[in-house]
Structures are given as structure tokens and as C-alpha cells.
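Q: Hey, dropping entry_32.txt in here, compact mmCIF, N, CA and C atoms:
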# COMPACT_ATOMS: atom_id res chain seq x y z
N MET J 1256 17.69 -53.90 19.43
CA MET J 1256 18.50 -54.83 18.67
C MET J 1256 17.76 -55.15 17.36
N ASP J 1257 18.49 -55.23 16.27
CA ASP J 1257 17.84 -55.48 14.99
C ASP J 1257 17.50 -56.96 14.81
N LYS J 1258 16.67 -57.22 13.81
CA LYS J 1258 16.15 -58.57 13.55
C LYS J 1258 17.28 -59.56 13.28
N LYS J 1259 18.24 -59.15 12.46
CA LYS J 1259 19.33 -60.05 12.06
C LYS J 1259 20.15 -60.49 13.27
N THR J 1260 20.55 -59.54 14.10
CA THR J 1260 21.35 -59.84 15.28
C THR J 1260 20.56 -60.70 16.26
N SER J 1261 19.30 -60.40 16.46
CA SER J 1261 18.47 -61.19 17.37
C SER J 1261 18.30 -62.62 16.87
N ALA J 1262 18.13 -62.78 15.56
CA ALA J 1262 17.97 -64.13 15.00
C ALA J 1262 19.24 -64.94 15.19
N ILE J 1263 20.39 -64.32 14.95
CA ILE J 1263 21.67 -65.03 15.12
C ILE J 1263 21.88 -65.39 16.58
N LEU J 1264 21.64 -64.43 17.47
CA LEU J 1264 21.87 -64.68 18.90
C LEU J 1264 20.90 -65.67 19.51
N SER J 1265 19.75 -65.88 18.88
CA SER J 1265 18.81 -66.87 19.42
C SER J 1265 19.38 -68.28 19.32
N TYR J 1266 20.39 -68.49 18.49
CA TYR J 1266 21.06 -69.79 18.38
C TYR J 1266 22.37 -69.85 19.15
N ALA J 1267 22.88 -68.72 19.64
CA ALA J 1267 24.23 -68.63 20.19
C ALA J 1267 24.52 -69.65 21.29
N LEU J 1268 23.65 -69.79 22.25
CA LEU J 1268 23.86 -70.74 23.35
C LEU J 1268 22.77 -71.81 23.37
N GLY J 1269 22.31 -72.17 22.19
CA GLY J 1269 21.32 -73.23 22.08
C GLY J 1269 19.97 -72.84 22.66
N TRP J 1270 19.36 -73.77 23.38
CA TRP J 1270 18.01 -73.53 23.88
C TRP J 1270 17.96 -72.43 24.93
N LEU J 1271 19.09 -72.15 25.59
CA LEU J 1271 19.11 -71.10 26.61
C LEU J 1271 18.85 -69.73 26.00
N THR J 1272 19.58 -69.37 24.95
CA THR J 1272 19.33 -68.08 24.30
C THR J 1272 18.04 -68.12 23.51
N GLY J 1273 17.61 -69.31 23.11
CA GLY J 1273 16.31 -69.43 22.46
C GLY J 1273 15.20 -68.98 23.39
N ILE J 1274 15.28 -69.39 24.66
CA ILE J 1274 14.27 -68.97 25.64
C ILE J 1274 14.33 -67.46 25.86
N VAL J 1275 15.54 -66.93 25.97
CA VAL J 1275 15.69 -65.49 26.19
C VAL J 1275 15.07 -64.71 25.03
N PHE J 1276 15.40 -65.08 23.79
CA PHE J 1276 14.91 -64.32 22.65
C PHE J 1276 13.46 -64.61 22.31
N LEU J 1277 12.91 -65.69 22.85
CA LEU J 1277 11.47 -65.92 22.68
C LEU J 1277 10.70 -64.82 23.40
N PHE J 1278 11.22 -64.37 24.53
CA PHE J 1278 10.57 -63.31 25.28
C PHE J 1278 11.03 -61.92 24.86
N VAL J 1279 12.30 -61.77 24.52
CA VAL J 1279 12.83 -60.46 24.12
C VAL J 1279 12.29 -60.06 22.74
N GLY J 1280 12.13 -61.02 21.85
CA GLY J 1280 11.67 -60.73 20.50
C GLY J 1280 10.17 -60.73 20.35
N LYS J 1281 9.47 -60.23 21.35
CA LYS J 1281 8.00 -60.27 21.36
C LYS J 1281 7.36 -59.61 20.14
N ASN J 1282 7.95 -58.55 19.66
CA ASN J 1282 7.31 -57.78 18.59
C ASN J 1282 7.65 -58.27 17.20
N ASP J 1283 8.56 -59.22 17.07
CA ASP J 1283 8.98 -59.70 15.76
C ASP J 1283 8.75 -61.20 15.63
N PRO J 1284 7.78 -61.60 14.81
CA PRO J 1284 7.49 -63.03 14.69
C PRO J 1284 8.64 -63.84 14.09
N ASP J 1285 9.49 -63.21 13.28
CA ASP J 1285 10.63 -63.94 12.72
C ASP J 1285 11.67 -64.27 13.79
N VAL J 1286 11.93 -63.35 14.68
CA VAL J 1286 12.86 -63.60 15.78
C VAL J 1286 12.29 -64.67 16.70
N LYS J 1287 11.00 -64.59 16.97
CA LYS J 1287 10.36 -65.61 17.81
C LYS J 1287 10.43 -66.98 17.14
N PHE J 1288 10.32 -67.01 15.81
CA PHE J 1288 10.43 -68.28 15.08
C PHE J 1288 11.83 -68.87 15.26
N HIS J 1289 12.86 -68.05 15.07
CA HIS J 1289 14.23 -68.54 15.24
C HIS J 1289 14.46 -69.01 16.68
N ALA J 1290 13.95 -68.26 17.64
CA ALA J 1290 14.10 -68.63 19.05
C ALA J 1290 13.40 -69.95 19.34
N ALA J 1291 12.19 -70.09 18.84
CA ALA J 1291 11.43 -71.33 19.07
C ALA J 1291 12.10 -72.52 18.39
N GLN J 1292 12.62 -72.31 17.21
CA GLN J 1292 13.30 -73.38 16.49
C GLN J 1292 14.57 -73.80 17.25
N SER J 1293 15.25 -72.83 17.83
CA SER J 1293 16.43 -73.11 18.64
C SER J 1293 16.07 -73.92 19.87
N ILE J 1294 14.99 -73.54 20.54
CA ILE J 1294 14.55 -74.26 21.73
C ILE J 1294 14.20 -75.70 21.38
N ILE J 1295 13.45 -75.88 20.32
CA ILE J 1295 13.01 -77.23 19.95
C ILE J 1295 14.18 -78.11 19.54
N PHE J 1296 15.04 -77.61 18.66
CA PHE J 1296 16.15 -78.44 18.18
C PHE J 1296 17.15 -78.74 19.29
N PHE J 1297 17.66 -77.70 19.95
CA PHE J 1297 18.71 -77.91 20.94
C PHE J 1297 18.16 -78.54 22.22
N GLY J 1298 16.89 -78.32 22.50
CA GLY J 1298 16.27 -79.02 23.62
C GLY J 1298 16.18 -80.51 23.35
N ALA J 1299 15.81 -80.87 22.14
CA ALA J 1299 15.74 -82.29 21.77
C ALA J 1299 17.13 -82.93 21.80
N VAL J 1300 18.14 -82.20 21.34
CA VAL J 1300 19.51 -82.72 21.38
C VAL J 1300 19.95 -82.93 22.83
N SER J 1301 19.62 -82.00 23.70
CA SER J 1301 19.99 -82.13 25.11
C SER J 1301 19.32 -83.36 25.74
N VAL J 1302 18.03 -83.53 25.48
CA VAL J 1302 17.31 -84.67 26.03
C VAL J 1302 17.89 -85.98 25.49
N LEU J 1303 18.16 -86.04 24.19
CA LEU J 1303 18.74 -87.25 23.61
C LEU J 1303 20.11 -87.56 24.20
N ASN J 1304 20.92 -86.54 24.42
CA ASN J 1304 22.24 -86.77 25.03
C ASN J 1304 22.11 -87.30 26.45
N ILE J 1305 21.15 -86.79 27.21
CA ILE J 1305 20.94 -87.29 28.56
C ILE J 1305 20.49 -88.75 28.53
N VAL J 1306 19.55 -89.07 27.64
CA VAL J 1306 19.07 -90.45 27.52
C VAL J 1306 20.19 -91.39 27.11
N LEU J 1307 20.99 -90.97 26.12
CA LEU J 1307 22.11 -91.80 25.68
C LEU J 1307 23.12 -92.02 26.80
N SER J 1308 23.36 -90.99 27.59
CA SER J 1308 24.30 -91.12 28.71
C SER J 1308 23.78 -92.09 29.77
N ILE J 1309 22.51 -91.97 30.10
CA ILE J 1309 21.93 -92.85 31.13
C ILE J 1309 21.91 -94.29 30.65
N VAL J 1310 21.42 -94.51 29.44
CA VAL J 1310 21.36 -95.88 28.91
C VAL J 1310 22.76 -96.45 28.76
N GLY J 1311 23.68 -95.63 28.27
CA GLY J 1311 25.06 -96.09 28.11
C GLY J 1311 25.71 -96.47 29.43
N SER J 1312 25.42 -95.74 30.48
CA SER J 1312 26.02 -96.06 31.78
C SER J 1312 25.41 -97.32 32.40
N LEU J 1313 24.19 -97.64 32.03
CA LEU J 1313 23.53 -98.84 32.56
C LEU J 1313 23.96 -100.12 31.85
N LEU J 1314 24.49 -99.99 30.65
CA LEU J 1314 24.81 -101.17 29.86
C LEU J 1314 26.26 -101.64 29.98
N GLY J 1315 27.06 -100.93 30.73
CA GLY J 1315 28.45 -101.36 30.93
C GLY J 1315 29.25 -101.28 29.64
N ALA J 1316 29.80 -102.43 29.20
CA ALA J 1316 30.67 -102.47 28.02
C ALA J 1316 29.91 -102.10 26.74
N LEU J 1317 28.63 -102.42 26.67
CA LEU J 1317 27.84 -102.04 25.49
C LEU J 1317 27.55 -100.55 25.45
N GLY J 1318 27.82 -99.89 26.56
CA GLY J 1318 27.60 -98.45 26.63
C GLY J 1318 28.49 -97.67 25.69
N ILE J 1319 29.56 -98.28 25.21
CA ILE J 1319 30.45 -97.62 24.25
C ILE J 1319 29.69 -97.24 22.99
N ILE J 1320 28.77 -98.09 22.59
CA ILE J 1320 27.96 -97.81 21.39
C ILE J 1320 27.13 -96.54 21.63
N PHE J 1321 26.57 -96.41 22.81
CA PHE J 1321 25.76 -95.24 23.13
C PHE J 1321 26.63 -93.99 23.27
N SER J 1322 27.85 -94.18 23.76
CA SER J 1322 28.77 -93.05 23.84
C SER J 1322 29.15 -92.56 22.44
N LEU J 1323 29.37 -93.49 21.53
CA LEU J 1323 29.66 -93.11 20.14
C LEU J 1323 28.46 -92.43 19.50
N ALA J 1324 27.26 -92.91 19.79
CA ALA J 1324 26.05 -92.27 19.27
C ALA J 1324 25.92 -90.85 19.82
N GLY J 1325 26.27 -90.67 21.09
CA GLY J 1325 26.24 -89.34 21.69
C GLY J 1325 27.26 -88.42 21.04
N LEU J 1326 28.42 -88.96 20.67
CA LEU J 1326 29.44 -88.17 19.99
C LEU J 1326 28.97 -87.75 18.60
N VAL J 1327 28.36 -88.66 17.88
CA VAL J 1327 27.82 -88.35 16.55
C VAL J 1327 26.72 -87.28 16.68
N LEU J 1328 25.88 -87.41 17.67
CA LEU J 1328 24.82 -86.43 17.90
C LEU J 1328 25.41 -85.05 18.22
N ALA J 1329 26.47 -85.03 19.01
CA ALA J 1329 27.11 -83.76 19.36
C ALA J 1329 27.73 -83.09 18.12
N VAL J 1330 28.38 -83.87 17.28
CA VAL J 1330 28.96 -83.32 16.05
C VAL J 1330 27.85 -82.79 15.14
N PHE J 1331 26.78 -83.54 15.02
CA PHE J 1331 25.63 -83.09 14.22
C PHE J 1331 25.07 -81.78 14.77
N ALA J 1332 24.95 -81.69 16.09
CA ALA J 1332 24.41 -80.48 16.71
C ALA J 1332 25.31 -79.28 16.45
N VAL J 1333 26.62 -79.46 16.50
CA VAL J 1333 27.55 -78.35 16.23
C VAL J 1333 27.43 -77.89 14.78
N VAL J 1334 27.31 -78.84 13.86
CA VAL J 1334 27.17 -78.49 12.44
C VAL J 1334 25.87 -77.71 12.22
N VAL J 1335 24.78 -78.19 12.80
CA VAL J 1335 23.49 -77.50 12.65
C VAL J 1335 23.54 -76.13 13.33
N TRP J 1336 24.21 -76.04 14.47
CA TRP J 1336 24.36 -74.77 15.19
C TRP J 1336 25.05 -73.73 14.31
N MET J 1337 26.18 -74.13 13.71
CA MET J 1337 26.89 -73.19 12.82
C MET J 1337 26.04 -72.83 11.61
N MET J 1338 25.39 -73.82 11.03
CA MET J 1338 24.56 -73.60 9.86
C MET J 1338 23.39 -72.67 10.19
N ALA J 1339 22.80 -72.84 11.36
CA ALA J 1339 21.66 -72.00 11.76
C ALA J 1339 22.08 -70.54 11.88
N MET J 1340 23.23 -70.31 12.49
CA MET J 1340 23.67 -68.92 12.65
C MET J 1340 24.06 -68.30 11.31
N VAL J 1341 24.70 -69.07 10.44
CA VAL J 1341 25.07 -68.54 9.12
C VAL J 1341 23.81 -68.25 8.29
N ARG J 1342 22.85 -69.16 8.33
CA ARG J 1342 21.63 -68.94 7.55
C ARG J 1342 20.80 -67.79 8.10
N ALA J 1343 20.78 -67.62 9.42
CA ALA J 1343 20.08 -66.47 10.00
C ALA J 1343 20.76 -65.17 9.58
N ASN J 1344 22.08 -65.19 9.51
CA ASN J 1344 22.84 -64.02 9.07
C ASN J 1344 22.57 -63.72 7.59
N ASN J 1345 22.64 -64.75 6.75
CA ASN J 1345 22.45 -64.55 5.31
C ASN J 1345 21.03 -64.11 4.95
N SER J 1346 20.07 -64.52 5.74
CA SER J 1346 18.68 -64.16 5.44
C SER J 1346 18.30 -62.80 6.01
N GLY J 1347 19.15 -62.22 6.80
CA GLY J 1347 18.83 -60.94 7.43
C GLY J 1347 17.85 -61.07 8.58
N GLY J 1348 17.72 -62.28 9.12
CA GLY J 1348 16.82 -62.49 10.24
C GLY J 1348 15.44 -62.99 9.86
N VAL J 1349 15.18 -63.09 8.56
CA VAL J 1349 13.88 -63.59 8.10
C VAL J 1349 13.83 -65.10 8.38
N ARG J 1350 12.63 -65.63 8.50
CA ARG J 1350 12.45 -67.06 8.80
C ARG J 1350 13.18 -67.93 7.79
N VAL J 1351 13.99 -68.83 8.34
CA VAL J 1351 14.68 -69.84 7.54
C VAL J 1351 14.62 -71.13 8.33
N GLU J 1352 14.04 -72.15 7.74
CA GLU J 1352 13.97 -73.43 8.42
C GLU J 1352 15.33 -74.11 8.36
N LEU J 1353 15.68 -74.78 9.44
CA LEU J 1353 16.93 -75.54 9.46
C LEU J 1353 16.78 -76.75 8.54
N PRO J 1354 17.84 -77.09 7.80
CA PRO J 1354 17.75 -78.28 6.95
C PRO J 1354 17.54 -79.54 7.79
N ILE J 1355 16.87 -80.47 7.25
CA ILE J 1355 16.53 -81.76 7.86
C ILE J 1355 15.55 -81.58 9.01
N VAL J 1356 15.91 -80.84 10.05
CA VAL J 1356 15.03 -80.70 11.21
C VAL J 1356 13.99 -79.61 11.05
N GLY J 1357 14.21 -78.69 10.13
CA GLY J 1357 13.30 -77.55 9.96
C GLY J 1357 11.89 -77.95 9.61
N LYS J 1358 11.75 -78.91 8.71
CA LYS J 1358 10.39 -79.30 8.30
C LYS J 1358 9.63 -80.00 9.42
N PHE J 1359 10.36 -80.59 10.36
CA PHE J 1359 9.70 -81.23 11.49
C PHE J 1359 9.40 -80.25 12.62
N THR J 1360 10.27 -79.26 12.78
CA THR J 1360 10.10 -78.33 13.90
C THR J 1360 9.28 -77.10 13.57
N ALA J 1361 9.15 -76.78 12.28
CA ALA J 1361 8.46 -75.53 11.89
C ALA J 1361 7.04 -75.42 12.46
N PRO J 1362 6.20 -76.45 12.38
CA PRO J 1362 4.84 -76.30 12.94
C PRO J 1362 4.86 -76.08 14.46
N TYR J 1363 5.76 -76.75 15.16
CA TYR J 1363 5.84 -76.59 16.61
C TYR J 1363 6.47 -75.25 16.98
N ALA J 1364 7.42 -74.80 16.17
CA ALA J 1364 8.05 -73.50 16.42
C ALA J 1364 7.01 -72.39 16.31
N ASP J 1365 6.13 -72.47 15.32
CA ASP J 1365 5.07 -71.47 15.19
C ASP J 1365 4.14 -71.49 16.40
N GLN J 1366 3.79 -72.68 16.87
CA GLN J 1366 2.92 -72.78 18.04
C GLN J 1366 3.60 -72.19 19.27
N LEU J 1367 4.88 -72.55 19.47
CA LEU J 1367 5.61 -72.06 20.63
C LEU J 1367 5.79 -70.54 20.56
N ALA J 1368 6.14 -70.05 19.39
CA ALA J 1368 6.32 -68.60 19.22
C ALA J 1368 5.00 -67.87 19.41
N GLY J 1369 3.91 -68.46 18.96
CA GLY J 1369 2.60 -67.83 19.10
C GLY J 1369 2.06 -67.85 20.52
N SER J 1370 2.57 -68.76 21.34
CA SER J 1370 2.06 -68.85 22.71
C SER J 1370 2.64 -67.77 23.63
N VAL J 1371 3.74 -67.15 23.22
CA VAL J 1371 4.35 -66.09 24.03
C VAL J 1371 3.96 -64.76 23.44
N ARG J 1372 3.28 -63.96 24.21
CA ARG J 1372 2.83 -62.66 23.71
C ARG J 1372 3.43 -61.54 24.51
Translate this structure into C-alpha cells?
A:
Amino acid sequence: MDKKTSAILSYALGWLTGIVFLFVGKNDPDVKFHAAQSIIFFGAVSVLNIVLSIVGSLLGALGIIFSLAGLVLAVFAVVVWMMAMVRANNSGGVRVELPIVGKFTAPYADQLAGSVR
């Protein structure tokens, strides 16, 4: 599989395909970067959604605020998901940091990608 296709597919199903392509893309550090960035971003979104759901269910009527926050987070995740795949396509699979979250995840993505050999 070529670099461009692997980079796009590392975002296809969020952190799940990120894990797959972290191991499949062993020989290409750019694919591993995209996979690691996918794991970090979508993993954080998943954890935040779980926390918002739990806290929202414990607060009863005030839980509506947490449900709305979860909805905003989900919309944000979908926008970033589409943007990540488009940017991976436009770059030809070369490293491209995600806007807003890229500068925070890039150092950890390199560590995660470097830990899998």
C-alpha cells in the first residue's frame, strides 16, 4: 500500500485504524506519524466523551449541559476527522499536523510512532 493511502486510512476509523497502521506502516515514519496522531486525537475524544457521559448521567437535570458538550465535541471530532483525511490526501502522505491539536500531539505522536519498531 502506498504512503498516501496508508496515511488517509490511518484516520478512517479513528484510533482503531490508527493502531492498525501504527504496526502496518513500520517502514514509513510518515505513516506511523499519521497513525500515532490519529490514536492520540481520537483516543482523547473517546475518553472525553465517556467522561462527559458518566458525569452527565450522575448530575440528572444538569446533565443536559454535559450532553450538549458531548455533542459539540462529536461535531468537532467529525470536522477534524474530515480535515485530517483531506490534508493527508493533499500532502501525499507526508507528515501534516492537525490544526489546533497538531501542535499538542506532535511530540507525543513522534514518541508513540518511535516506540513501535
Q: Quick check, in Å to one decimal: how far apart do atom N of J:Ile1295 and atom CA of J:Phe1321 lie?
A: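 If I compute the distance from atom N of J:Ile1295 to atom CA of J:Phe1321, I get 23.1 Å.
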Q: Can you pull out the residues contacting stretch 1258-1272 of chain J? Cut-off 7 Å, using all atoms listed in the file, and skip same-chain residues under 6 positions away; I want them as a PyMOL selection string.
A: chain J and resi 1285-1286+1289-1290+1293-1298+1336+1339-1341+1343-1344+1346-1349
Q: Considering only C-alpha atoms, return as a list in words whatever protein or nucleic-acid residues lie within 12 Å of stretch 1355-1358 of chain J, sequence-local ones (same chain, fewer than 3 positions apart) excluded.
A: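 That gives Phe1288, His1289, Ala1291, Gln1292, Ser1293, Ile1295, Phe1296, Phe1297, Ala1299, Val1300, Phe1331, Ala1332, Val1335, Trp1336, Met1338, Ala1339, Arg1350, Val1351, Glu1352, Ala1361, Pro1362, Tyr1363, Ala1364 and Asp1365 of chain J.
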Q: Write a file of the just-selected residues containing N, CA and C atoms, as a short mmCIF file (atom, residue, chain, number, x, y, z; two decimals), keeping the file's coordinate frame.
A:
data_model
loop_
_atom_site.label_atom_id
_atom_site.label_comp_id
_atom_site.auth_asym_id
_atom_site.auth_seq_id
_atom_site.Cartn_x
_atom_site.Cartn_y
_atom_site.Cartn_z
N PHE J 1288 10.32 -67.01 15.81
CA PHE J 1288 10.43 -68.28 15.08
C PHE J 1288 11.83 -68.87 15.26
N HIS J 1289 12.86 -68.05 15.07
CA HIS J 1289 14.23 -68.54 15.24
C HIS J 1289 14.46 -69.01 16.68
N ALA J 1291 12.19 -70.09 18.84
CA ALA J 1291 11.43 -71.33 19.07
C ALA J 1291 12.10 -72.52 18.39
N GLN J 1292 12.62 -72.31 17.21
CA GLN J 1292 13.30 -73.38 16.49
C GLN J 1292 14.57 -73.80 17.25
N SER J 1293 15.25 -72.83 17.83
CA SER J 1293 16.43 -73.11 18.64
C SER J 1293 16.07 -73.92 19.87
N ILE J 1295 13.45 -75.88 20.32
CA ILE J 1295 13.01 -77.23 19.95
C ILE J 1295 14.18 -78.11 19.54
N PHE J 1296 15.04 -77.61 18.66
CA PHE J 1296 16.15 -78.44 18.18
C PHE J 1296 17.15 -78.74 19.29
N PHE J 1297 17.66 -77.70 19.95
CA PHE J 1297 18.71 -77.91 20.94
C PHE J 1297 18.16 -78.54 22.22
N ALA J 1299 15.81 -80.87 22.14
CA ALA J 1299 15.74 -82.29 21.77
C ALA J 1299 17.13 -82.93 21.80
N VAL J 1300 18.14 -82.20 21.34
CA VAL J 1300 19.51 -82.72 21.38
C VAL J 1300 19.95 -82.93 22.83
N PHE J 1331 26.78 -83.54 15.02
CA PHE J 1331 25.63 -83.09 14.22
C PHE J 1331 25.07 -81.78 14.77
N ALA J 1332 24.95 -81.69 16.09
CA ALA J 1332 24.41 -80.48 16.71
C ALA J 1332 25.31 -79.28 16.45
N VAL J 1335 24.78 -78.19 12.80
CA VAL J 1335 23.49 -77.50 12.65
C VAL J 1335 23.54 -76.13 13.33
N TRP J 1336 24.21 -76.04 14.47
CA TRP J 1336 24.36 -74.77 15.19
C TRP J 1336 25.05 -73.73 14.31
N MET J 1338 25.39 -73.82 11.03
CA MET J 1338 24.56 -73.60 9.86
C MET J 1338 23.39 -72.67 10.19
N ALA J 1339 22.80 -72.84 11.36
CA ALA J 1339 21.66 -72.00 11.76
C ALA J 1339 22.08 -70.54 11.88
N ARG J 1350 12.63 -65.63 8.50
CA ARG J 1350 12.45 -67.06 8.80
C ARG J 1350 13.18 -67.93 7.79
N VAL J 1351 13.99 -68.83 8.34
CA VAL J 1351 14.68 -69.84 7.54
C VAL J 1351 14.62 -71.13 8.33
N GLU J 1352 14.04 -72.15 7.74
CA GLU J 1352 13.97 -73.43 8.42
C GLU J 1352 15.33 -74.11 8.36
N ALA J 1361 9.15 -76.78 12.28
CA ALA J 1361 8.46 -75.53 11.89
C ALA J 1361 7.04 -75.42 12.46
N PRO J 1362 6.20 -76.45 12.38
CA PRO J 1362 4.84 -76.30 12.94
C PRO J 1362 4.86 -76.08 14.46
N TYR J 1363 5.76 -76.75 15.16
CA TYR J 1363 5.84 -76.59 16.61
C TYR J 1363 6.47 -75.25 16.98
N ALA J 1364 7.42 -74.80 16.17
CA ALA J 1364 8.05 -73.50 16.42
C ALA J 1364 7.01 -72.39 16.31
N ASP J 1365 6.13 -72.47 15.32
CA ASP J 1365 5.07 -71.47 15.19
C ASP J 1365 4.14 -71.49 16.40
#
Q: Can you list, as a PyMOL selection string, every residue of chain J that DSSP puts in helix (DSSP H, G or I)?
A: chain J and resi 1258-1264+1270-1279+1284-1313+1315-1346+1357-1370
Q: In Å, with one decimal, what is the gap from atom CA of J:Ala1368 to atom CA of J:Pro1284?
A: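 Interatomic distance here is 7.3 Å.
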Q: From the options J:Val1279, J:Leu1317, J:Leu1307, J:Ile1274, which residue's atoms come nearest to J:Asp1257, counting only C-alpha atoms?
A: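 Closest to J:Asp1257, using only C-alpha atoms: J:Val1279.
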Q: Find the spatial neighbours of J:Ser1322, counting only C-alpha atoms, within a cut-off of 9 Å - ignore same-chain residues fewer than 4 positions away - and output them as JSON, numbers by chain.
A: {"J": [1307, 1308, 1311, 1312, 1318, 1326, 1327]}
Q: With distances taken over only C-alpha atoms, which of J:Val1330, J:Gly1369, J:Leu1353, J:Ile1319 is nearest to J:Asp1283?
A: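 So, comparing all the options, the nearest one is J:Gly1369.
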Q: What is the atom CA of J:Gly1315 to atom CA of J:Leu1328 distance in Å?
A: 20.1 Å
